[in-house]
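One structure below.
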Amino acid sequence: MEIFKQKVDEAVGFLRDRMPEVPEIVLVLGTGLSGLGERIESPVILPYAEIPHFPASTVASHAGNLIFGRLCGKPVAVLQGRFHYYEGYSTRDLTMPIRVLALLGVKTLIVSNSAGGLNPAFAPGTLMVVRDHLNFIPDNPLRGANVEAWGPRFPDLSAPYDHRLVDTALACAAREQISQVATGVYVAIPGPSLETPAETRYLRQCGADAVGMSTVPEVIVAIHAGLRVLGLSVVANVNDPDNLKPIILEEIIAETHKAEERLSRLLLAVLSEI
């Protein structure tokens, strides 16, 4: 842990000298959702490869930049692409950017992802405001020695997604007349293999409404660091375990792109309210 802490401290020092102001909010843009980064005012763009000890994104649909700037008049940091357990990283390493930004002063995390629908009431393109999650990734970013200055040994996750932010997102969706918005439970699996029919049935029975391979580790670290969290999933497809069709990543990315304009409108409306 001492080595990891040193790496975090070096990344914090590097970014503190380069960010134009302390960001209030960090946005994580998931698979197929990097376009919002182009709307940032006065952007300072730092490729992950230039930041000391940051992981390298190996997924083609993730741009791999940290962007400082302003959205809706608020100072933000945008992670244009994320890291995943299936890429070979530990959850501690893949959540390092959240840890670093929390130490730089960020107070709120807004995290987005592309997910597979499990709730039969959903349709492709549904925007799911996450109200809870299940962690089926066999690792926890807080495993090992705890750094007391970073957060408590046993952080409370009785309300991992801030109720006020959830209510704000739903109110903004109604006001902006954004269609196909729902709330639900997100389940994180390790990947990269996609779900079998039996696994899909099991995840449904566990109470999950959407499934993906990310997000939960970042949320755990954010809660540990005292951040408020809002989670948004784009349901790119809906899995019917009794009639499961081949799931093709390119089709998922295409469906996510179709919903990106609605998600961007929702995110910008929420940012205006925070």
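Following the order of the structure tokens, chains are lettered A, B, ..., residues in each are numbered from 1, and ligands are numbered from 1.
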Assign secondary structure with DSSP using the backbone only, and return the residues of segment 95-159 of chain A in strand (DSSP E) as number ranges by chain. A: 108-117, 127-135
Near Ala77 of chain A, within 10 Å and counting only C-alpha atoms, which residues show up once chain neighbours fewer than 6 positions away are dropped, as JSON, numbers by chain? {"A": [19, 21, 22, 23, 24, 25, 26, 27, 28, 37, 40, 43, 44, 45, 66, 67, 68, 69, 70, 71, 101, 106, 109]}
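Proximity of A:Pro155, A:His84, A:Arg204, A:Leu134 to Pro192 of chain A, computed with only C-alpha atoms, is greatest for A:His84.
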Mind checking which residues fall within 9 Å of Val235 of chain A, counting only C-alpha atoms, ignoring those fewer than 4 positions away in the same chain, and posting them as a PyMOL selection string? chain A and resi 113-117+122-128+210-211+252+255-256+259
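Of the residues in segment 49-177 of chain A, those given alpha helix (DSSP H) by DSSP on the backbone are A:Thr91, A:Arg92, A:Asp93, A:Leu94, A:Met96, A:Pro97, A:Ile98, A:Arg99, A:Val100, A:Leu101, A:Ala102, A:Leu103, A:His163, A:Arg164, A:Leu165, A:Val166, A:Asp167, A:Thr168, A:Ala169, A:Leu170, A:Ala171, A:Cys172, A:Ala173, A:Ala174, A:Arg175.
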Dump N, CA and C atoms for the selected residues as a PDB file, in the first residue's frame?
```pdb
ATOM      1  N   THR A  91      -8.743  -3.789  -8.846  1.00  0.00           N
ATOM      2  CA  THR A  91      -9.711  -2.700  -8.686  1.00  0.00           C
ATOM      3  C   THR A  91      -9.076  -1.495  -8.005  1.00  0.00           C
ATOM      4  N   ARG A  92      -8.034  -1.707  -7.218  1.00  0.00           N
ATOM      5  CA  ARG A  92      -7.318  -0.564  -6.628  1.00  0.00           C
ATOM      6  C   ARG A  92      -6.665   0.268  -7.711  1.00  0.00           C
ATOM      7  N   ASP A  93      -6.004  -0.410  -8.664  1.00  0.00           N
ATOM      8  CA  ASP A  93      -5.322   0.319  -9.727  1.00  0.00           C
ATOM      9  C   ASP A  93      -6.298   1.006 -10.670  1.00  0.00           C
ATOM     10  N   LEU A  94      -7.400   0.335 -11.016  1.00  0.00           N
ATOM     11  CA  LEU A  94      -8.309   0.926 -12.002  1.00  0.00           C
ATOM     12  C   LEU A  94      -9.106   2.098 -11.431  1.00  0.00           C
ATOM     13  N   MET A  96      -7.646   4.305  -9.416  1.00  0.00           N
ATOM     14  CA  MET A  96      -6.665   5.320  -9.038  1.00  0.00           C
ATOM     15  C   MET A  96      -7.077   6.732  -9.481  1.00  0.00           C
ATOM     16  N   PRO A  97      -7.607   6.933 -10.703  1.00  0.00           N
ATOM     17  CA  PRO A  97      -8.004   8.297 -11.089  1.00  0.00           C
ATOM     18  C   PRO A  97      -9.034   8.917 -10.145  1.00  0.00           C
ATOM     19  N   ILE A  98      -9.985   8.130  -9.663  1.00  0.00           N
ATOM     20  CA  ILE A  98     -10.981   8.655  -8.721  1.00  0.00           C
ATOM     21  C   ILE A  98     -10.309   9.042  -7.413  1.00  0.00           C
ATOM     22  N   ARG A  99      -9.398   8.210  -6.946  1.00  0.00           N
ATOM     23  CA  ARG A  99      -8.670   8.515  -5.708  1.00  0.00           C
ATOM     24  C   ARG A  99      -7.884   9.807  -5.858  1.00  0.00           C
ATOM     25  N   VAL A 100      -7.198   9.956  -6.966  1.00  0.00           N
ATOM     26  CA  VAL A 100      -6.380  11.145  -7.201  1.00  0.00           C
ATOM     27  C   VAL A 100      -7.251  12.400  -7.256  1.00  0.00           C
ATOM     28  N   LEU A 101      -8.353  12.337  -7.986  1.00  0.00           N
ATOM     29  CA  LEU A 101      -9.216  13.511  -8.121  1.00  0.00           C
ATOM     30  C   LEU A 101      -9.913  13.859  -6.809  1.00  0.00           C
ATOM     31  N   ALA A 102     -10.233  12.863  -6.002  1.00  0.00           N
ATOM     32  CA  ALA A 102     -10.807  13.137  -4.683  1.00  0.00           C
ATOM     33  C   ALA A 102      -9.804  13.908  -3.825  1.00  0.00           C
ATOM     34  N   LEU A 103      -8.540  13.520  -3.898  1.00  0.00           N
ATOM     35  CA  LEU A 103      -7.506  14.215  -3.124  1.00  0.00           C
ATOM     36  C   LEU A 103      -7.248  15.618  -3.667  1.00  0.00           C
ATOM     37  N   HIS A 163     -29.424  10.226  -2.793  1.00  0.00           N
ATOM     38  CA  HIS A 163     -30.865  10.306  -3.068  1.00  0.00           C
ATOM     39  C   HIS A 163     -31.244  11.640  -3.701  1.00  0.00           C
ATOM     40  N   ARG A 164     -30.602  12.714  -3.258  1.00  0.00           N
ATOM     41  CA  ARG A 164     -30.938  14.026  -3.812  1.00  0.00           C
ATOM     42  C   ARG A 164     -30.512  14.129  -5.271  1.00  0.00           C
ATOM     43  N   LEU A 165     -29.370  13.546  -5.612  1.00  0.00           N
ATOM     44  CA  LEU A 165     -28.927  13.566  -7.005  1.00  0.00           C
ATOM     45  C   LEU A 165     -29.827  12.694  -7.885  1.00  0.00           C
ATOM     46  N   VAL A 166     -30.275  11.558  -7.339  1.00  0.00           N
ATOM     47  CA  VAL A 166     -31.218  10.711  -8.077  1.00  0.00           C
ATOM     48  C   VAL A 166     -32.502  11.489  -8.355  1.00  0.00           C
ATOM     49  N   ASP A 167     -33.028  12.149  -7.324  1.00  0.00           N
ATOM     50  CA  ASP A 167     -34.252  12.939  -7.494  1.00  0.00           C
ATOM     51  C   ASP A 167     -34.041  14.083  -8.486  1.00  0.00           C
ATOM     52  N   THR A 168     -32.871  14.716  -8.417  1.00  0.00           N
ATOM     53  CA  THR A 168     -32.565  15.804  -9.351  1.00  0.00           C
ATOM     54  C   THR A 168     -32.530  15.293 -10.785  1.00  0.00           C
ATOM     55  N   ALA A 169     -31.908  14.135 -11.000  1.00  0.00           N
ATOM     56  CA  ALA A 169     -31.824  13.570 -12.345  1.00  0.00           C
ATOM     57  C   ALA A 169     -33.209  13.253 -12.894  1.00  0.00           C
ATOM     58  N   LEU A 170     -34.067  12.679 -12.069  1.00  0.00           N
ATOM     59  CA  LEU A 170     -35.419  12.341 -12.523  1.00  0.00           C
ATOM     60  C   LEU A 170     -36.230  13.599 -12.803  1.00  0.00           C
ATOM     61  N   ALA A 171     -36.063  14.608 -11.967  1.00  0.00           N
ATOM     62  CA  ALA A 171     -36.777  15.872 -12.183  1.00  0.00           C
ATOM     63  C   ALA A 171     -36.293  16.553 -13.455  1.00  0.00           C
ATOM     64  N   CYS A 172     -34.995  16.518 -13.702  1.00  0.00           N
ATOM     65  CA  CYS A 172     -34.442  17.119 -14.914  1.00  0.00           C
ATOM     66  C   CYS A 172     -34.936  16.384 -16.159  1.00  0.00           C
ATOM     67  N   ALA A 173     -35.009  15.060 -16.085  1.00  0.00           N
ATOM     68  CA  ALA A 173     -35.492  14.279 -17.221  1.00  0.00           C
ATOM     69  C   ALA A 173     -36.937  14.646 -17.548  1.00  0.00           C
ATOM     70  N   ALA A 174     -37.754  14.824 -16.495  1.00  0.00           N
ATOM     71  CA  ALA A 174     -39.154  15.197 -16.710  1.00  0.00           C
ATOM     72  C   ALA A 174     -39.256  16.603 -17.295  1.00  0.00           C
ATOM     73  N   ARG A 175     -38.474  17.532 -16.753  1.00  0.00           N
ATOM     74  CA  ARG A 175     -38.530  18.919 -17.212  1.00  0.00           C
ATOM     75  C   ARG A 175     -38.065  19.058 -18.657  1.00  0.00           C
TER      76      ARG A 175
END
```
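Summary of the local environment: counting only C-alpha atoms, residues at most 8 Å from segment 143-145 of chain A, other than itself and those fewer than 3 positions away along its chain, are Met1, Asp139 and Asn140 of chain A.
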Pull C-alpha atoms from the residues just selected and write them as a PDB file, in the first residue's frame.
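Wrote result.pdb, looks like this:
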```pdb
ATOM      1  CA  MET A   1       0.000   0.000   0.000  1.00  0.00           C
ATOM      2  CA  ASP A 139     -12.054  -7.790  -5.791  1.00  0.00           C
ATOM      3  CA  ASN A 140     -12.579  -4.655  -3.716  1.00  0.00           C
TER       4      ASN A 140
END
```
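For the residues A:Ser179, A:Ala11, A:Ser34, A:Glu50, ranking by smallest atom-to-atom distance to Arg82 of chain A using only C-alpha atoms places A:Ser34 first.
Minimum atom-to-atom distance to Lys245 of chain A, evaluated using only C-alpha atoms, belongs to A:Pro197 out of A:Arg153, A:Pro197, A:Glu273, A:Val221.
Note that atom CA of Tyr161 of chain A and atom CA of Val185 of chain A are 10.6 Å apart.
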